[in-house]
Amino acid sequence: RELGRGESPRRNFGRNSDPAKVSVPEHELDISFTKSSGPGGQNVNKVNTCVEVRFHVASASWVGDGEARGRLAEAERGRVNKRGELVLTCQEHRTQSQNRAACLKKLAELVAAARIEPIERSAYEGISTRGKARRRDDKRNRSQVKQNRRVKKGDW
């Protein structure tokens with residue numbers, strides 16, 4: 001089907017592609033806490049502020065259809081372990097609650113990006129005979145301009 005003027009080539013663009021609209025069910029996530037590096041002073045050595053969120057991508061129906069789950073696993077293949085779990089860690093903030101919120105926000109952004117179908121590229125049709133002739137003429141003129149810029153032996 002041909003796309004009309006102003007029509008998006010993405011079928012589900014706008015539908016659940018906004019990270020704010022993605023609902024992440026926390027009961028389906030495995031959330032754990034560890035000691036974190038970074039800011040926090042002595043607090044770093046005492047409190048488990050680093051958040052680690054993991055879930056099995058293939059069985060997470062809330063991510064979207066099978067294609068969206070495949071896109072998520074492919075895009076984040078460095079974060080997916082051998083068991084097929086996507087592992088996200090967050091330790092930017094000094095508190096556990098802030099890191100947890102940041103991790104869930106990061107996860108929502110990844111899911112929103114995976115739900116957007118990629119643009120289907122259409123093959124280039126080609127150049128008309130007139131366009132080819134105009135291109136040749138332009139190349140010839142450009143070549144002539146550059147030739148005229150050259151210093152000829154004996155002229156200097």
# chains A, B, ... in the order shown; residues from 1 in each chain; ligands from 1
$ residues_around --residues "Arg71 (chain A)" --least-positions-apart "3" --cutoff "9 Å" --atoms "only C-alpha atoms" --output "list in words"
Gly66, Glu67, Ala68, Glu74, Ala75, Glu76, Ala113, Ala114, Arg115 and Glu117 of chain A
$ residues_around --residues "region 83-89 of chain A" --least-positions-apart "6" --cutoff "6 Å" --atoms "only C-alpha atoms" --output "count of residues only"
7
$ select_by_dssp --residues "region 17-92 of chain A" --states "helix (DSSP H, G or I)" --output "ChimeraX atom specification"
/A:19-21,26-28,43-46,61-63,66-75
$ residues_around --residues "Thr49 (chain A)" --least-positions-apart "5" --cutoff "7 Å" --atoms "only C-alpha atoms" --output "PyMOL selection string"
chain A and resi 33-36+91+94-96
$ atom_distance --atom1 "CA of Glu26 (chain A)" --atom2 "CA of Ala73 (chain A)"
19.2 Å
